[in-house]
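Peer 1: Sharing run_15.tsv here; it has TSV, C-alpha atoms.
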```tsv
chain	number	residue	atom	x	y	z
F	78	ARG	CA	-79.08	-100.62	43.16
F	79	LEU	CA	-81.06	-98.24	40.93
F	80	LYS	CA	-83.07	-96.99	43.93
F	81	LYS	CA	-79.88	-96.28	45.88
F	82	LEU	CA	-78.47	-94.27	42.97
F	83	LEU	CA	-81.67	-92.22	42.65
F	84	LEU	CA	-81.71	-91.48	46.40
F	85	ASP	CA	-78.05	-90.44	46.43
F	86	ASP	CA	-78.01	-86.63	46.74
F	87	SER	CA	-74.43	-86.46	45.49
F	88	ARG	CA	-75.58	-87.68	42.05
F	89	ALA	CA	-77.80	-85.87	39.57
F	90	LEU	CA	-79.87	-88.72	38.16
F	91	VAL	CA	-83.38	-88.68	36.69
F	92	TYR	CA	-85.40	-91.82	36.03
F	93	LEU	CA	-87.82	-91.83	33.10
F	94	ALA	CA	-90.17	-94.77	32.57
F	95	ASN	CA	-90.16	-94.11	28.83
F	96	GLU	CA	-92.15	-97.22	27.91
F	97	HIS	CA	-95.03	-95.97	30.10
F	98	HIS	CA	-94.95	-92.33	28.97
F	99	ALA	CA	-97.39	-91.11	26.31
F	100	GLU	CA	-94.80	-89.01	24.44
F	101	THR	CA	-92.02	-91.59	24.42
F	102	TYR	CA	-93.92	-94.86	23.90
F	103	ARG	CA	-93.86	-96.37	20.44
F	104	ASP	CA	-95.68	-99.41	19.05
F	105	ARG	CA	-93.46	-102.22	17.87
F	106	LEU	CA	-93.32	-102.47	14.09
F	107	PRO	CA	-94.02	-105.73	12.26
F	108	GLU	CA	-90.93	-107.96	12.02
F	109	GLU	CA	-88.94	-105.47	14.13
F	110	SER	CA	-86.36	-107.20	16.32
F	111	PRO	CA	-86.39	-106.58	20.10
F	112	ASN	CA	-83.01	-104.86	19.86
F	113	ASP	CA	-84.10	-102.50	17.07
F	114	TYR	CA	-87.33	-101.74	18.95
F	115	ASN	CA	-85.41	-100.92	22.12
F	116	ASP	CA	-83.02	-98.67	20.19
F	117	ARG	CA	-85.97	-96.80	18.65
F	118	LEU	CA	-87.45	-96.23	22.12
F	119	ILE	CA	-84.12	-94.81	23.31
F	120	ARG	CA	-83.99	-92.41	20.36
F	121	ALA	CA	-87.55	-91.32	21.12
F	122	ALA	CA	-86.61	-90.62	24.75
F	123	SER	CA	-83.57	-88.61	23.61
F	124	SER	CA	-85.75	-86.48	21.32
F	125	PHE	CA	-88.22	-85.95	24.16
F	126	TYR	CA	-85.50	-84.67	26.51
F	127	THR	CA	-84.12	-82.37	23.80
F	128	GLN	CA	-87.55	-80.84	23.20
F	129	GLN	CA	-88.24	-80.42	26.92
F	130	LEU	CA	-84.94	-78.74	27.72
F	131	GLY	CA	-84.80	-76.51	24.64
F	132	GLU	CA	-81.71	-74.79	23.34
F	133	GLU	CA	-80.85	-73.12	26.65
F	134	GLY	CA	-81.84	-75.97	28.91
F	135	GLY	CA	-78.75	-78.08	28.41
F	136	ARG	CA	-77.06	-80.54	26.11
F	137	VAL	CA	-78.62	-83.95	25.52
F	138	VAL	CA	-76.27	-86.66	24.21
F	139	MET	CA	-77.38	-90.18	23.42
F	140	VAL	CA	-74.63	-92.70	24.25
F	141	SER	CA	-74.44	-95.97	22.36
F	142	TYR	CA	-71.90	-98.40	20.89
F	143	ASP	CA	-74.36	-99.66	18.25
F	144	LYS	CA	-73.18	-98.24	14.91
F	145	ASP	CA	-76.59	-98.57	13.29
F	146	ASN	CA	-78.29	-96.89	16.24
F	147	LEU	CA	-75.78	-94.01	16.11
F	148	ARG	CA	-76.35	-93.60	12.38
F	149	LYS	CA	-80.15	-93.48	12.75
F	150	ALA	CA	-79.92	-91.06	15.70
F	151	LYS	CA	-77.77	-88.61	13.73
F	152	ALA	CA	-80.17	-88.90	10.79
F	153	GLU	CA	-83.01	-87.90	13.15
F	154	GLY	CA	-81.07	-84.86	14.39
F	155	ILE	CA	-80.09	-86.40	17.74
F	156	GLU	CA	-76.60	-85.77	19.04
F	157	ALA	CA	-75.16	-89.23	19.59
F	158	MET	CA	-71.73	-90.72	20.18
F	159	THR	CA	-69.93	-93.54	21.93
F	160	LEU	CA	-69.01	-93.27	25.60
F	161	ALA	CA	-65.33	-93.16	24.68
F	162	ALA	CA	-65.91	-90.22	22.32
F	163	LEU	CA	-67.96	-88.38	24.96
F	164	VAL	CA	-65.32	-88.79	27.66
F	165	CYS	CA	-62.44	-87.84	25.36
F	166	SER	CA	-64.28	-84.71	24.18
F	167	THR	CA	-65.41	-83.52	27.62
F	168	HIS	CA	-62.93	-84.95	30.13
F	169	PRO	CA	-59.84	-86.23	28.27
F	170	GLU	CA	-57.99	-86.67	31.56
F	171	LEU	CA	-60.37	-89.54	32.39
F	172	SER	CA	-59.75	-91.46	29.16
F	173	ASP	CA	-57.51	-94.00	30.92
F	174	LEU	CA	-60.49	-95.08	33.03
F	175	LEU	CA	-62.42	-96.28	29.99
F	176	ALA	CA	-62.74	-99.96	29.19
F	177	VAL	CA	-59.91	-101.27	27.04
F	178	PRO	CA	-60.44	-101.66	23.28
F	179	SER	CA	-61.67	-105.00	22.03
F	180	ALA	CA	-58.18	-106.13	20.91
F	181	ALA	CA	-56.77	-105.63	24.39
F	182	ALA	CA	-59.83	-107.26	25.92
F	183	ASP	CA	-59.28	-110.29	23.70
F	184	ALA	CA	-55.70	-110.51	24.94
F	185	TYR	CA	-56.88	-110.56	28.52
F	186	THR	CA	-59.62	-113.10	27.98
F	187	GLY	CA	-57.21	-115.36	26.15
F	188	THR	CA	-58.40	-114.93	22.57
F	189	LYS	CA	-57.23	-113.13	19.47
F	190	GLY	CA	-59.03	-112.28	16.26
F	191	GLY	CA	-58.53	-114.45	13.22
F	192	ARG	CA	-58.71	-113.59	9.52
F	193	GLY	CA	-62.18	-115.02	9.21
F	194	GLY	CA	-63.49	-112.95	12.10
F	195	GLY	CA	-63.21	-115.84	14.53
F	196	LYS	CA	-61.07	-115.91	17.63
F	197	GLU	CA	-58.17	-118.18	18.33
F	198	GLU	CA	-57.87	-119.30	21.92
F	199	ILE	CA	-54.61	-118.52	23.70
F	200	LEU	CA	-55.80	-119.74	27.10
F	201	PRO	CA	-58.59	-122.23	27.86
F	202	ALA	CA	-62.00	-120.62	28.28
F	203	HIS	CA	-63.44	-120.60	31.79
F	204	LEU	CA	-66.52	-122.67	32.45
F	205	SER	CA	-69.83	-120.93	33.03
F	206	PRO	CA	-71.12	-120.46	36.62
F	207	ALA	CA	-73.73	-123.16	36.01
F	208	GLU	CA	-71.10	-125.63	34.81
F	209	LEU	CA	-68.85	-124.80	37.77
F	210	ASN	CA	-71.68	-125.32	40.24
F	211	LYS	CA	-72.66	-128.62	38.65
F	212	GLY	CA	-69.04	-129.84	38.58
F	213	ILE	CA	-68.42	-128.96	42.24
F	214	LYS	CA	-71.63	-130.67	43.38
F	215	SER	CA	-70.78	-133.83	41.46
F	216	GLY	CA	-67.24	-133.88	42.84
F	217	ARG	CA	-65.61	-133.62	39.41
F	218	LEU	CA	-64.31	-130.16	40.29
F	219	LEU	CA	-62.83	-129.01	43.59
F	220	GLN	CA	-63.04	-125.55	45.11
F	221	GLY	CA	-60.29	-123.72	46.93
F	222	THR	CA	-58.22	-120.53	47.20
F	223	LEU	CA	-55.31	-120.15	44.80
F	224	ARG	CA	-52.02	-119.43	46.53
F	225	VAL	CA	-49.12	-118.38	44.32
F	226	GLU	CA	-45.49	-119.08	45.14
F	227	ARG	CA	-43.49	-116.07	46.24
F	228	HIS	CA	-41.28	-115.61	43.19
F	229	CYS	CA	-43.28	-117.09	40.30
F	230	TRP	CA	-46.82	-116.13	39.31
F	231	HIS	CA	-47.45	-119.35	37.33
F	232	ASP	CA	-46.35	-121.68	40.14
F	233	ALA	CA	-49.25	-122.09	42.56
F	234	TYR	CA	-51.28	-124.51	44.62
F	235	VAL	CA	-54.86	-124.86	45.83
F	236	SER	CA	-55.77	-126.43	49.16
F	237	VAL	CA	-58.93	-128.50	48.62
F	238	ARG	CA	-61.14	-131.01	50.40
F	239	GLY	CA	-62.72	-134.11	48.96
F	240	LEU	CA	-59.79	-135.58	47.08
F	241	GLY	CA	-59.83	-139.29	47.89
F	242	ASP	CA	-56.28	-140.06	46.79
F	243	GLY	CA	-53.07	-138.41	47.82
F	244	GLU	CA	-51.88	-137.10	51.11
F	245	GLY	CA	-54.48	-135.91	53.56
F	246	GLY	CA	-57.16	-138.51	52.78
F	247	GLY	CA	-60.66	-137.90	51.56
F	248	ASP	CA	-61.78	-135.75	54.50
F	249	GLY	CA	-58.56	-133.78	55.02
F	250	ARG	CA	-57.07	-130.95	52.99
F	251	VAL	CA	-54.80	-131.71	50.07
F	252	SER	CA	-52.55	-129.24	48.24
F	253	VAL	CA	-53.11	-129.51	44.49
F	254	LEU	CA	-50.18	-128.15	42.48
F	255	VAL	CA	-51.10	-125.76	39.65
F	256	ARG	CA	-48.20	-125.01	37.35
F	257	GLY	CA	-47.81	-123.24	34.05
F	258	MET	CA	-49.65	-120.35	32.41
F	259	GLN	CA	-52.21	-122.66	30.79
F	260	ASN	CA	-53.12	-124.31	34.10
F	261	VAL	CA	-53.20	-121.09	36.16
F	262	ASN	CA	-55.47	-119.75	33.40
F	263	ARG	CA	-55.79	-116.05	34.34
F	264	ALA	CA	-56.37	-116.68	38.05
F	265	LEU	CA	-54.57	-114.42	40.53
F	266	ASP	CA	-53.30	-115.01	44.04
F	267	GLY	CA	-56.20	-115.12	46.49
F	268	ASP	CA	-58.90	-115.98	43.93
F	269	VAL	CA	-61.39	-118.68	44.88
F	270	VAL	CA	-61.16	-121.08	41.95
F	271	ALA	CA	-62.53	-124.36	40.67
F	272	VAL	CA	-59.83	-126.91	39.94
F	273	GLU	CA	-59.94	-129.97	37.73
F	274	ILE	CA	-57.56	-132.72	38.86
F	275	LEU	CA	-55.21	-133.89	36.11
F	276	PRO	CA	-54.71	-137.61	35.35
F	277	LYS	CA	-52.38	-139.45	37.73
F	278	GLN	CA	-49.64	-139.77	35.13
F	279	HIS	CA	-49.25	-135.98	35.40
F	280	TRP	CA	-48.91	-136.00	39.20
F	281	LEU	CA	-45.49	-135.24	40.69
F	282	THR	CA	-43.44	-137.35	43.06
F	283	GLY	CA	-41.44	-135.84	45.89
F	284	GLN	CA	-38.20	-136.24	43.92
F	285	GLU	CA	-39.66	-134.47	40.88
F	286	GLU	CA	-40.85	-131.67	43.15
F	287	LEU	CA	-37.35	-131.35	44.64
F	288	THR	CA	-35.76	-131.26	41.19
F	289	PHE	CA	-38.20	-128.58	40.06
F	290	GLN	CA	-37.41	-126.42	43.10
F	291	GLU	CA	-33.65	-126.74	42.50
F	292	GLU	CA	-34.02	-125.74	38.86
F	293	LYS	CA	-36.18	-122.77	39.82
F	294	GLU	CA	-33.71	-121.58	42.44
F	295	ALA	CA	-30.85	-121.88	39.93
F	296	ALA	CA	-32.79	-119.86	37.35
F	297	GLU	CA	-33.62	-117.16	39.92
F	298	ALA	CA	-29.99	-116.98	41.01
F	299	ALA	CA	-28.84	-116.70	37.40
F	300	GLN	CA	-31.38	-113.93	36.74
F	301	GLU	CA	-30.26	-112.08	39.87
F	302	GLY	CA	-26.63	-112.34	38.79
F	303	LYS	CA	-27.56	-111.09	35.33
F	304	VAL	CA	-29.15	-107.96	36.80
F	305	GLN	CA	-26.26	-107.33	39.18
F	306	GLY	CA	-23.70	-107.75	36.38
F	307	GLU	CA	-25.30	-105.41	33.84
F	308	GLY	CA	-23.05	-102.54	32.86
F	309	GLU	CA	-21.94	-100.70	29.77
F	310	GLY	CA	-21.89	-103.93	27.80
F	311	GLY	CA	-25.67	-104.29	28.03
F	312	GLU	CA	-28.01	-106.87	29.43
F	313	ASN	CA	-26.36	-109.79	27.59
F	314	ASP	CA	-23.17	-109.55	29.62
F	315	THR	CA	-22.48	-112.50	31.90
F	316	PRO	CA	-21.61	-111.36	35.45
F	317	SER	CA	-18.31	-112.38	36.93
F	318	ASN	CA	-20.01	-114.04	39.88
F	319	TYR	CA	-22.42	-116.05	37.73
F	320	GLU	CA	-21.08	-119.48	38.72
F	321	SER	CA	-21.16	-118.69	42.42
F	322	LEU	CA	-24.81	-117.67	42.19
F	323	ILE	CA	-25.96	-121.12	41.07
F	324	PRO	CA	-26.47	-123.33	44.14
F	325	SER	CA	-24.40	-126.47	44.33
F	326	PRO	CA	-26.30	-129.74	43.99
F	327	VAL	CA	-27.36	-131.18	47.31
F	328	VAL	CA	-26.41	-134.81	47.89
F	329	GLN	CA	-29.44	-136.63	49.20
F	330	PRO	CA	-29.29	-139.86	51.23
F	331	PRO	CA	-30.69	-143.01	49.61
F	332	ALA	CA	-34.47	-142.81	49.53
F	333	SER	CA	-36.41	-145.29	51.58
F	334	SER	CA	-39.90	-146.53	50.86
F	335	SER	CA	-41.32	-143.94	53.25
F	336	SER	CA	-39.26	-141.01	51.93
F	337	SER	CA	-40.72	-137.99	50.21
F	338	SER	CA	-39.55	-139.25	46.81
F	339	SER	CA	-42.29	-141.87	46.87
F	340	THR	CA	-44.99	-139.34	47.82
F	341	VAL	CA	-47.21	-138.44	44.90
F	342	LYS	CA	-48.58	-134.90	44.79
F	343	PRO	CA	-51.71	-134.26	42.71
F	344	THR	CA	-51.70	-131.59	40.03
F	345	GLY	CA	-54.59	-129.71	38.50
F	346	ARG	CA	-55.71	-126.83	36.34
F	347	VAL	CA	-58.02	-123.88	36.94
F	348	VAL	CA	-61.23	-124.18	34.93
F	349	GLY	CA	-63.05	-121.20	36.41
F	350	VAL	CA	-62.89	-118.39	38.96
F	351	ILE	CA	-65.67	-118.38	41.54
F	352	LYS	CA	-64.68	-115.21	43.39
F	353	ARG	CA	-62.09	-112.66	42.36
F	354	ASN	CA	-59.60	-111.16	44.80
F	355	TRP	CA	-58.71	-108.21	42.62
F	356	ARG	CA	-57.31	-105.16	44.32
F	357	VAL	CA	-55.01	-102.22	43.60
F	358	TYR	CA	-51.45	-103.23	42.71
F	359	CYS	CA	-48.23	-101.20	42.92
F	360	GLY	CA	-45.60	-101.32	40.20
F	361	SER	CA	-44.16	-99.51	37.19
F	362	LEU	CA	-44.31	-99.58	33.40
F	363	GLN	CA	-41.83	-101.68	31.45
F	364	ALA	CA	-39.84	-99.37	29.18
F	365	SER	CA	-39.57	-101.83	26.30
F	366	ALA	CA	-43.29	-102.61	26.13
F	367	ASP	CA	-44.41	-99.61	24.06
F	368	LYS	CA	-46.77	-100.33	21.21
F	369	VAL	CA	-48.87	-97.69	19.51
F	370	GLY	CA	-52.58	-98.40	19.75
F	371	GLY	CA	-55.05	-98.31	16.94
F	372	GLY	CA	-57.09	-95.32	18.12
F	373	GLY	CA	-56.52	-91.66	18.76
F	374	GLY	CA	-53.98	-91.17	15.96
F	375	GLY	CA	-51.24	-92.91	17.91
F	376	SER	CA	-51.92	-90.99	21.13
F	377	THR	CA	-52.94	-94.18	22.93
F	378	VAL	CA	-50.16	-96.65	23.60
F	379	SER	CA	-50.09	-100.13	25.03
F	380	ALA	CA	-47.63	-100.81	27.84
F	381	LEU	CA	-46.76	-103.60	30.23
F	382	PHE	CA	-47.29	-102.94	33.91
F	383	VAL	CA	-44.78	-104.83	36.05
F	384	PRO	CA	-46.09	-105.38	39.62
F	385	VAL	CA	-43.70	-105.16	42.54
F	386	ASP	CA	-45.20	-108.39	43.87
F	387	ARG	CA	-43.71	-111.25	41.84
F	388	ARG	CA	-46.76	-113.38	42.56
F	389	LEU	CA	-48.62	-111.33	39.97
F	390	PRO	CA	-48.16	-111.48	36.18
F	391	LYS	CA	-47.44	-108.49	34.00
F	392	VAL	CA	-50.56	-106.59	32.98
F	393	ARG	CA	-51.15	-105.11	29.55
F	394	LEU	CA	-52.83	-101.69	29.75
F	395	GLN	CA	-53.75	-98.79	27.48
F	396	THR	CA	-52.74	-95.25	28.42
F	397	ARG	CA	-52.39	-91.76	27.00
F	398	GLN	CA	-49.94	-90.76	29.73
F	399	ARG	CA	-47.06	-93.08	28.84
F	400	GLU	CA	-44.31	-90.48	29.16
F	401	ALA	CA	-45.72	-88.98	32.36
F	402	LEU	CA	-45.94	-92.39	34.04
F	403	GLN	CA	-42.51	-93.60	32.95
F	404	ASP	CA	-40.01	-94.17	35.81
F	405	LYS	CA	-42.72	-93.71	38.43
F	406	ARG	CA	-44.39	-96.02	40.91
F	407	ILE	CA	-48.07	-96.25	39.98
F	408	LEU	CA	-51.17	-98.04	41.26
F	409	VAL	CA	-53.18	-100.16	38.85
F	410	ALA	CA	-56.65	-101.55	39.56
F	411	VAL	CA	-57.45	-104.79	37.75
F	412	ASP	CA	-61.16	-105.19	37.01
```
Would you write out, as structure tokens, the structure that this file holds?

Peer 2:
Amino acid sequence: RLKKLLLDDSRALVYLANEHHAETYRDRLPEESPNDYNDRLIRAASSFYTQQLGEEGGRVVMVSYDKDNLRKAKAEGIEAMTLAALVCSTHPELSDLLAVPSAAADAYTGTKGGRGGGKEEILPAHLSPAELNKGIKSGRLLQGTLRVERHCWHDAYVSVRGLGDGEGGGDGRVSVLVRGMQNVNRALDGDVVAVEILPKQHWLTGQEELTFQEEKEAAEAAQEGKVQGEGEGGENDTPSNYESLIPSPVVQPPASSSSSSSTVKPTGRVVGVIKRNWRVYCGSLQASADKVGGGGGGSTVSALFVPVDRRLPKVRLQTRQREALQDKRILVAVD
């Protein structure tokens, strides 16, 4: 990858083997940690470039997120700053492309900071690639593509092979139901995931599946009626056609031993994502999701992006263009 970047004529990149250059090499000090030694080599390379270019040759900026390294660089007369500070000072229009602050990153990864500096888990942590590989080889975990139901991002299923019990047999494909935010566990539609099968007491029968679908359809109909009935009274008004929007219960014939009510459907939970299917999503910002961020003197705000596709969850993002993006269709890339 580095060779391709260096050979790309559209990029202005220079490679310096600083550890093999007489003017930038430094001996490691006694009891100096590898990280501190590497930081000192970077500062030496920055000084070398500054001396070579001179005052009229150009501006040399050392980029680092290490506070101690930044402090030592400034003490040595080296211009140094974080990548976020560099982008905001030179190209503020690109600030939205920076990585999110640590607080927002914690929200995505399913953790939040505690008083003691620790992190409280909101969602279960994904297993490491080595653990996923070992679990799949042993048969404890099953691999498949997550498919999300059309109108609910936390109602999904994974078609897998190798499940001995349930419909489909051990050699056929079996649909494993994955329901709830905790079980979907940050996976998106189309992701190749590793699934852990839940105990049989958590599996669903055909009748339970039918009841769940009826309740979901009733809730969707009620929500649709709520939106259609909104007026001057606000969003809490009950629409006049509310009752007609709830489907009437369907009378089912007595179940026989071979009916779907006796069919048990396995359920599971996502324990890791093997391959992401992230892409660009279309949607808009939710007006009520504003929350002033901690940086930039309040210029950065946090907002909820609501995708058009209901199979996707809302996405928390940071932006400096909240007002400009309001009431517009925008494209968001999840990475």

Peer 1: Starting from 5 Å padding per side, set up an axis-aligned box that covers all listed atoms of stretch 102-114 of chain F and hand over centre and edge lengths in Å, one decimal, as AutoDock Vina command-line options.

Peer 2:
```
--center_x -89.3 --center_y -101.4 --center_z 18.0 --size_x 22.7 --size_y 23.1 --size_z 21.9
```

Peer 1: Can you work out the spacing between atom CA of F:Ser379 and atom CA of F:Val392 in Å, to one decimal?

Peer 2: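 Here the two named atoms are 10.3 Å from each other.
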
Peer 1: Interatomic distance between atom CA of F:Thr344 and atom CA of F:Leu218?

Peer 2: 12.7 Å

Peer 1: To one decimal in Å, tell me the separation between atom CA of F:Lys211 and atom CA of F:Val225.

Peer 2: 26.3 Å

Peer 1: Between F:Ile213, F:Ala121, F:Ala410, F:Leu402, which is the closest to F:Glu273 once you count all atoms listed in the file?

Peer 2: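 Result for the nearest residue to F:Glu273: F:Ile213.
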
Peer 1: Please return as a VMD selection string every residue within 9 Å of (-55.0, -124.0, 49.8), taking into account only C-alpha atoms and the file's own coordinates.

Peer 2: chain F and resid 221 to 224 234 to 237 250 to 253

Peer 1: Nearest to F:Glu400 among F:Ala122, F:Val378, F:Leu106, F:Ala207, with distances taken over all atoms listed in the file: which residue is it?

Peer 2: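 Of F:Ala122, F:Val378, F:Leu106, F:Ala207, the one nearest F:Glu400, counting all atoms listed in the file, is F:Val378.
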
Peer 1: Give me, as a list in words, all polymer residues having an atom no more than 10 Å from F:Gln220, counting only C-alpha atoms and skipping those fewer than 3 positions away in the same chain.

Peer 2: Leu209, Asn210, Gly212, Ile213, Gly216, Leu223, Val235, Ser236, Val237, Arg238, Gly239, Val269, Val270, Ala271, Val272, Glu273, Val347, Gly349, Val350 and Ile351 of chain F

Peer 1: Quick one: stretch 388-397 of chain F from the block, all heavy atoms, as a compact mmCIF listing (two decimals), in the first residue's frame.

Peer 2:
```
# COMPACT_ATOMS: atom_id res chain seq x y z
N ARG F 388 -34.57 -0.40 7.63
CA ARG F 388 -33.77 -1.53 8.08
C ARG F 388 -32.50 -1.07 8.79
O ARG F 388 -31.76 -1.88 9.34
CB ARG F 388 -33.39 -2.42 6.89
CG ARG F 388 -34.58 -3.08 6.21
CD ARG F 388 -34.14 -3.85 4.99
NE ARG F 388 -33.52 -2.98 4.01
CZ ARG F 388 -32.94 -3.38 2.89
NH1 ARG F 388 -32.86 -4.68 2.64
NH2 ARG F 388 -32.42 -2.52 2.04
N LEU F 389 -32.25 0.22 8.79
CA LEU F 389 -31.04 0.76 9.40
C LEU F 389 -31.40 1.56 10.64
O LEU F 389 -32.42 2.27 10.66
CB LEU F 389 -30.30 1.67 8.41
CG LEU F 389 -29.90 1.01 7.09
CD1 LEU F 389 -29.41 2.06 6.12
CD2 LEU F 389 -28.84 -0.04 7.32
N PRO F 390 -30.59 1.51 11.68
CA PRO F 390 -30.85 2.30 12.89
C PRO F 390 -30.47 3.76 12.68
O PRO F 390 -29.79 4.11 11.71
CB PRO F 390 -29.95 1.64 13.93
CG PRO F 390 -28.79 1.12 13.13
CD PRO F 390 -29.38 0.67 11.81
N LYS F 391 -30.89 4.60 13.60
CA LYS F 391 -30.45 5.98 13.58
C LYS F 391 -28.95 6.04 13.90
O LYS F 391 -28.45 5.22 14.65
CB LYS F 391 -31.24 6.81 14.59
CG LYS F 391 -32.73 6.90 14.27
CD LYS F 391 -33.46 7.70 15.33
CE LYS F 391 -34.96 7.75 15.02
NZ LYS F 391 -35.70 8.52 16.06
N VAL F 392 -28.28 7.03 13.33
CA VAL F 392 -26.83 7.14 13.47
C VAL F 392 -26.50 8.48 14.12
O VAL F 392 -26.94 9.54 13.66
CB VAL F 392 -26.13 7.03 12.10
CG1 VAL F 392 -24.62 7.17 12.26
CG2 VAL F 392 -26.47 5.71 11.43
N ARG F 393 -25.75 8.43 15.21
CA ARG F 393 -25.31 9.65 15.87
C ARG F 393 -24.07 10.18 15.15
O ARG F 393 -23.11 9.45 14.91
CB ARG F 393 -24.97 9.37 17.33
CG ARG F 393 -24.38 10.54 18.10
CD ARG F 393 -25.39 11.60 18.42
NE ARG F 393 -26.43 11.10 19.31
CZ ARG F 393 -27.44 11.85 19.72
NH1 ARG F 393 -27.54 13.10 19.30
NH2 ARG F 393 -28.36 11.35 20.53
N LEU F 394 -24.09 11.47 14.77
CA LEU F 394 -22.94 12.05 14.08
C LEU F 394 -22.65 13.43 14.64
O LEU F 394 -23.49 14.07 15.27
CB LEU F 394 -23.18 12.10 12.57
CG LEU F 394 -24.46 12.77 12.03
CD1 LEU F 394 -24.29 14.28 11.94
CD2 LEU F 394 -24.82 12.20 10.66
N GLN F 395 -21.43 13.90 14.39
CA GLN F 395 -20.98 15.22 14.79
C GLN F 395 -20.86 16.09 13.55
O GLN F 395 -20.33 15.66 12.53
CB GLN F 395 -19.62 15.13 15.48
CG GLN F 395 -19.57 14.21 16.68
CD GLN F 395 -20.25 14.80 17.89
OE1 GLN F 395 -20.19 16.01 18.10
NE2 GLN F 395 -20.90 13.96 18.68
N THR F 396 -21.36 17.33 13.62
CA THR F 396 -21.29 18.21 12.46
C THR F 396 -21.20 19.66 12.89
O THR F 396 -21.69 20.05 13.96
CB THR F 396 -22.52 18.01 11.55
OG1 THR F 396 -22.42 18.91 10.43
CG2 THR F 396 -23.80 18.27 12.31
N ARG F 397 -20.59 20.46 12.05
CA ARG F 397 -20.55 21.91 12.23
C ARG F 397 -21.53 22.60 11.29
O ARG F 397 -21.59 23.82 11.24
CB ARG F 397 -19.13 22.44 11.98
CG ARG F 397 -18.09 21.94 12.95
CD ARG F 397 -16.70 22.39 12.53
NE ARG F 397 -15.68 21.87 13.43
CZ ARG F 397 -15.22 22.52 14.49
NH1 ARG F 397 -15.69 23.71 14.78
NH2 ARG F 397 -14.29 22.00 15.26
```
